[in-house]
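Here's the structure we're looking at; comments come further down.
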Protein chains: 2
Amino acid sequence: MTARRLTLYPQSNYQFTTKDKQPEEDPTVSARMRRLESEYEVHGMRRSVDAILLFHQKGFPHLLILQISNTYFKLPGGYLNPGEDEIEGLKQRLQDRLHSPTHDTLKPGLEDWVIRECVGKWWRPDYDQKTFPWIPDYVTHPKECKKVFVVQLPSHKIFAIPTNMKMIGVPLFELYGNATRYGPQIAMVPQMLSAYDFVPKGDSKI
Amino acid sequence: MTARRLTLYPQSNYQFTTKDKQPEEDPTVSARMRRLESEYEVHGMRRSVDAILLFHQKGFPHLLILQISNTYFKLPGGYLNPGEDEIEGLKQRLQDRLHSPTHDTLKPGLEDWVIRECVGKWWRPDYDQKTFPWIPDYVTHPKECKKVFVVQLPSHKIFAIPTNMKMIGVPLFELYGNATRYGPQIAMVPQMLSAYDFVPKGDSKI
């Protein structure tokens, strides 16, 4: 029942550099669905974990998302291996995708990823693109469950983004209700965060 | 980081009877906005609290909402008095609206209302019907903040509903994305609950 608070640091505290590209594992949506199906037959339901990373600009929260193409955006995160712990797995996915090998003094440097709570889940009933924030009535064997976690970023950090992606900061108001552009999962982040009090710190607050 | 669980009991465990009508305090939307404005000038931002009450039917979660007219639905709850505690205030609003005076052996019987956490907030920037799940950038003095709490219902209960209202149970899939019928706040309840695991108990699970 305690209030949920998240400290936001200004965008100017973060730097973005690049590193080697990390191609999508599946070149097309249909290839992705075929792999989901073949892995389901071996391992059962896929477990995925995504991260909500936020900074502020003049006090207003912005979400960090990866832009893969003009029309494809995603939260940083990924699939877990069978049996892999979801918290440790999410830290590892964030590290693999976003850390800067030339700036990290610690290896593997997972300390920077402070995983807070799960604020939502998305269930995929079938081998297609439809996902729902609860298990629909007719579904007995969902094919994927993706958990979305809030992450407390450190006050300063240098990110390195694979050259085939861009990392962009999008204000919450731009995401809200904008499933057409960002997809339902990203468009729903403002609602998933709606119980939070944001505490903006640092110098870009005007 | 612990999983959020909510026990759901079957609809058949709950009975619904009636009691004296409780007319809306404001007969029209514009009257409601005028009162919001006049109270804001005296007391500042209005604080409201609403409740998410759930049961299950054959294992599937349903939300209890009040139907005021053919097109007007709301969550049980209400405005807090200046300085009133939000948890105790929500219990009192639920009691006033929903308890059955002929069946409650305890008075005031507030023990039945177990308020869990706040799962979302709605901010009203102006004296109109627009609300947002965060504080929009241009807003320095929001006029209302409504907090939405999950409530753990007891295994059995007799509700009494004012005769000018109906209480209806709506499955989450019917609410999801259906802001046109239920309004944005109720339509968003499935997403606000999306981090929860529901644990259906009792005999109507097939």
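Chain labels A, B, ... are given in the sequence in which chains occur in the structure tokens; within each chain residues are numbered consecutively from 1, and ligands are likewise numbered from 1 in the order shown.
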For chain B against chain A, with a cut-off of 6 Å and counting only C-alpha atoms, what is the closest atom pair and its distance in Å to one decimal for every residue that makes the cut, ordered by chain and number, as CSV?
```
residue,atom,partner,partner_atom,distance
B:Met1,CA,A:Glu117,CA,4.7
B:Glu117,CA,A:Met1,CA,4.7
B:Val119,CA,A:Ala195,CA,5.2
B:Gly120,CA,A:Ala195,CA,4.0
B:Lys121,CA,A:Ser194,CA,5.4
B:Pro133,CA,A:Ser194,CA,5.2
B:Trp134,CA,A:Ser194,CA,5.9
B:Gln191,CA,A:Pro133,CA,5.8
B:Ser194,CA,A:Gly120,CA,4.6
B:Ala195,CA,A:Gly120,CA,4.0
```
Those selected residues, please, written with C-alpha atoms and delivered as a PDB file, in the first residue's frame.
```pdb
ATOM      1  CA  MET B   1       8.838  -7.835  -6.453  1.00  0.00           C
ATOM      2  CA  GLU B 117      -2.947  -1.428  -3.330  1.00  0.00           C
ATOM      3  CA  VAL B 119      -3.158   0.275  -9.168  1.00  0.00           C
ATOM      4  CA  GLY B 120      -3.637   3.556 -10.957  1.00  0.00           C
ATOM      5  CA  LYS B 121      -4.372   7.239 -10.761  1.00  0.00           C
ATOM      6  CA  PRO B 133      -3.282   8.369 -16.140  1.00  0.00           C
ATOM      7  CA  TRP B 134      -0.383  10.755 -15.446  1.00  0.00           C
ATOM      8  CA  GLN B 191      -4.546  -3.124 -17.986  1.00  0.00           C
ATOM      9  CA  SER B 194      -2.339  -6.812 -15.687  1.00  0.00           C
ATOM     10  CA  ALA B 195       0.409  -7.552 -13.129  1.00  0.00           C
TER      11      ALA B 195
END
```
* All helix (DSSP H, G or I) residues (DSSP, backbone) inside region 65-203 of chain B, as number ranges by chain -> B: 86-98, 110-112, 172-175, 179-187, 189-192
Please dump the current selection as a tab-separated table (two decimals), in the first residue's frame; keep N, CA, C and O atoms.
```tsv
chain	number	residue	atom	x	y	z
B	86	GLU	N	-7.36	8.19	2.80
B	86	GLU	CA	-7.92	7.61	1.57
B	86	GLU	C	-8.40	6.17	1.76
B	86	GLU	O	-9.41	5.78	1.18
B	87	ILE	N	-7.72	5.40	2.58
B	87	ILE	CA	-8.13	4.00	2.78
B	87	ILE	C	-9.43	3.95	3.59
B	87	ILE	O	-10.41	3.31	3.20
B	88	GLU	N	-9.43	4.66	4.72
B	88	GLU	CA	-10.65	4.68	5.55
B	88	GLU	C	-11.79	5.34	4.79
B	88	GLU	O	-12.95	4.91	4.89
B	89	GLY	N	-11.48	6.35	4.02
B	89	GLY	CA	-12.50	7.02	3.24
B	89	GLY	C	-13.11	6.09	2.18
B	89	GLY	O	-14.32	6.10	1.97
B	90	LEU	N	-12.27	5.28	1.54
B	90	LEU	CA	-12.80	4.36	0.53
B	90	LEU	C	-13.68	3.30	1.19
B	90	LEU	O	-14.76	2.97	0.69
B	91	LYS	N	-13.24	2.79	2.34
B	91	LYS	CA	-14.08	1.82	3.06
B	91	LYS	C	-15.46	2.42	3.35
B	91	LYS	O	-16.49	1.77	3.18
B	92	GLN	N	-15.46	3.66	3.81
B	92	GLN	CA	-16.72	4.31	4.17
B	92	GLN	C	-17.61	4.52	2.94
B	92	GLN	O	-18.83	4.30	2.99
B	93	ARG	N	-16.99	4.90	1.79
B	93	ARG	CA	-17.78	5.09	0.57
B	93	ARG	C	-18.40	3.76	0.11
B	93	ARG	O	-19.54	3.72	-0.36
B	94	LEU	N	-17.61	2.68	0.21
B	94	LEU	CA	-18.13	1.37	-0.20
B	94	LEU	C	-19.26	0.94	0.73
B	94	LEU	O	-20.29	0.41	0.28
B	95	GLN	N	-19.05	1.17	2.00
B	95	GLN	CA	-20.07	0.82	2.98
B	95	GLN	C	-21.36	1.60	2.70
B	95	GLN	O	-22.46	1.03	2.64
B	96	ASP	N	-21.24	2.91	2.53
B	96	ASP	CA	-22.41	3.74	2.29
B	96	ASP	C	-23.16	3.30	1.03
B	96	ASP	O	-24.39	3.26	1.00
B	97	ARG	N	-22.41	2.97	0.01
B	97	ARG	CA	-23.03	2.67	-1.27
B	97	ARG	C	-23.56	1.25	-1.37
B	97	ARG	O	-24.59	0.99	-1.98
B	98	LEU	N	-22.84	0.28	-0.76
B	98	LEU	CA	-23.08	-1.12	-1.11
B	98	LEU	C	-23.51	-2.02	0.05
B	98	LEU	O	-23.95	-3.14	-0.18
B	110	LEU	N	-17.09	-2.23	8.58
B	110	LEU	CA	-16.10	-1.89	7.56
B	110	LEU	C	-15.07	-3.00	7.35
B	110	LEU	O	-14.28	-2.95	6.41
B	111	GLU	N	-15.09	-4.02	8.22
B	111	GLU	CA	-14.11	-5.10	8.12
B	111	GLU	C	-14.18	-5.83	6.78
B	111	GLU	O	-13.21	-6.46	6.35
B	112	ASP	N	-15.34	-5.82	6.14
B	112	ASP	CA	-15.49	-6.55	4.89
B	112	ASP	C	-14.71	-5.92	3.74
B	112	ASP	O	-14.50	-6.56	2.71
B	172	LEU	N	-13.69	-9.13	-18.00
B	172	LEU	CA	-12.61	-8.23	-18.41
B	172	LEU	C	-12.55	-8.07	-19.92
B	172	LEU	O	-12.29	-6.98	-20.42
B	173	PHE	N	-12.81	-9.14	-20.66
B	173	PHE	CA	-12.69	-9.03	-22.13
B	173	PHE	C	-13.72	-8.07	-22.71
B	173	PHE	O	-13.48	-7.47	-23.75
B	174	GLU	N	-14.86	-7.92	-22.02
B	174	GLU	CA	-15.87	-6.97	-22.49
B	174	GLU	C	-15.45	-5.52	-22.25
B	174	GLU	O	-15.82	-4.60	-22.99
B	175	LEU	N	-14.66	-5.33	-21.20
B	175	LEU	CA	-14.21	-3.97	-20.87
B	175	LEU	C	-13.05	-3.52	-21.73
B	175	LEU	O	-12.94	-2.34	-22.10
B	179	ALA	N	-13.77	1.80	-24.34
B	179	ALA	CA	-13.99	3.11	-23.72
B	179	ALA	C	-15.26	3.76	-24.23
B	179	ALA	O	-15.87	4.57	-23.53
B	180	THR	N	-15.66	3.43	-25.43
B	180	THR	CA	-16.87	4.02	-25.99
B	180	THR	C	-18.08	3.73	-25.11
B	180	THR	O	-18.90	4.60	-24.85
B	181	ARG	N	-18.16	2.49	-24.62
B	181	ARG	CA	-19.31	2.14	-23.79
B	181	ARG	C	-19.08	2.48	-22.32
B	181	ARG	O	-19.97	3.03	-21.67
B	182	TYR	N	-17.93	2.15	-21.80
B	182	TYR	CA	-17.72	2.21	-20.34
B	182	TYR	C	-16.95	3.44	-19.88
B	182	TYR	O	-16.80	3.65	-18.68
B	183	GLY	N	-16.43	4.21	-20.82
B	183	GLY	CA	-15.56	5.33	-20.44
B	183	GLY	C	-14.13	4.83	-20.27
B	183	GLY	O	-13.90	3.65	-19.99
B	184	PRO	N	-13.15	5.73	-20.41
B	184	PRO	CA	-11.75	5.29	-20.38
B	184	PRO	C	-11.32	4.68	-19.05
B	184	PRO	O	-10.51	3.75	-19.04
B	185	GLN	N	-11.86	5.19	-17.95
B	185	GLN	CA	-11.36	4.70	-16.66
B	185	GLN	C	-11.74	3.24	-16.42
B	185	GLN	O	-10.92	2.45	-15.96
B	186	ILE	N	-12.97	2.88	-16.73
B	186	ILE	CA	-13.38	1.49	-16.54
B	186	ILE	C	-12.77	0.60	-17.63
B	186	ILE	O	-12.32	-0.52	-17.35
B	187	ALA	N	-12.70	1.12	-18.84
B	187	ALA	CA	-12.13	0.32	-19.93
B	187	ALA	C	-10.66	-0.03	-19.66
B	187	ALA	O	-10.14	-1.02	-20.18
B	189	VAL	N	-9.37	-0.83	-16.72
B	189	VAL	CA	-9.16	-1.70	-15.56
B	189	VAL	C	-8.39	-2.98	-15.91
B	189	VAL	O	-7.48	-3.37	-15.16
B	190	PRO	N	-8.67	-3.64	-17.05
B	190	PRO	CA	-7.87	-4.85	-17.34
B	190	PRO	C	-6.36	-4.57	-17.37
B	190	PRO	O	-5.57	-5.37	-16.85
B	191	GLN	N	-5.97	-3.45	-17.96
B	191	GLN	CA	-4.55	-3.12	-17.99
B	191	GLN	C	-4.02	-2.80	-16.59
B	191	GLN	O	-2.90	-3.15	-16.26
B	192	MET	N	-4.82	-2.11	-15.79
B	192	MET	CA	-4.35	-1.79	-14.44
B	192	MET	C	-4.14	-3.04	-13.61
B	192	MET	O	-3.34	-3.05	-12.68
```
* To do: Skip Ile52 (chain A) itself and residues of its chain fewer than 3 positions away, then list as a list in words all residues within 7 Å of it, counting only C-alpha atoms.
  => Leu63, Leu75, Phe149, Val150 and Val151 of chain A
* To do: Check region 78-154 of chain B with DSSP on the backbone and list each residue it calls strand (DSSP E or B), as an MDAnalysis selection string.
  => chainID B and resid 78:79 99 114:124 132 144:152
* Pick from B:Phe55, B:Phe159, B:Tyr72, B:Tyr79, whichever lies nearest to Thr102 (chain B) using only C-alpha atoms ->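 Closest candidate: B:Phe159.
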* Taking into account only C-alpha atoms, which residue in the set A:Ala51, A:Val29, A:Val42, A:Ala160 is nearest to Gln15 (chain A)? ->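 Closest residue, counting only C-alpha atoms: A:Ala160.
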* Asked: Between A:Pro101, A:Pro10, A:Gly202, A:Pro27, which has the minimum distance to Leu54 (chain A) (counting only C-alpha atoms)?
  ->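 Looking only at the distances to Leu54 (chain A), the closest residue turns out to be A:Pro10.
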* Would you list the contacts of Asp20 (chain B) as an NGL selection string, taking every protein, DNA or RNA residue within 9 Å and counting only C-alpha atoms, but skipping same-chain residues closer than 2 positions in sequence? => :B and (18 or 22 or 161-164)
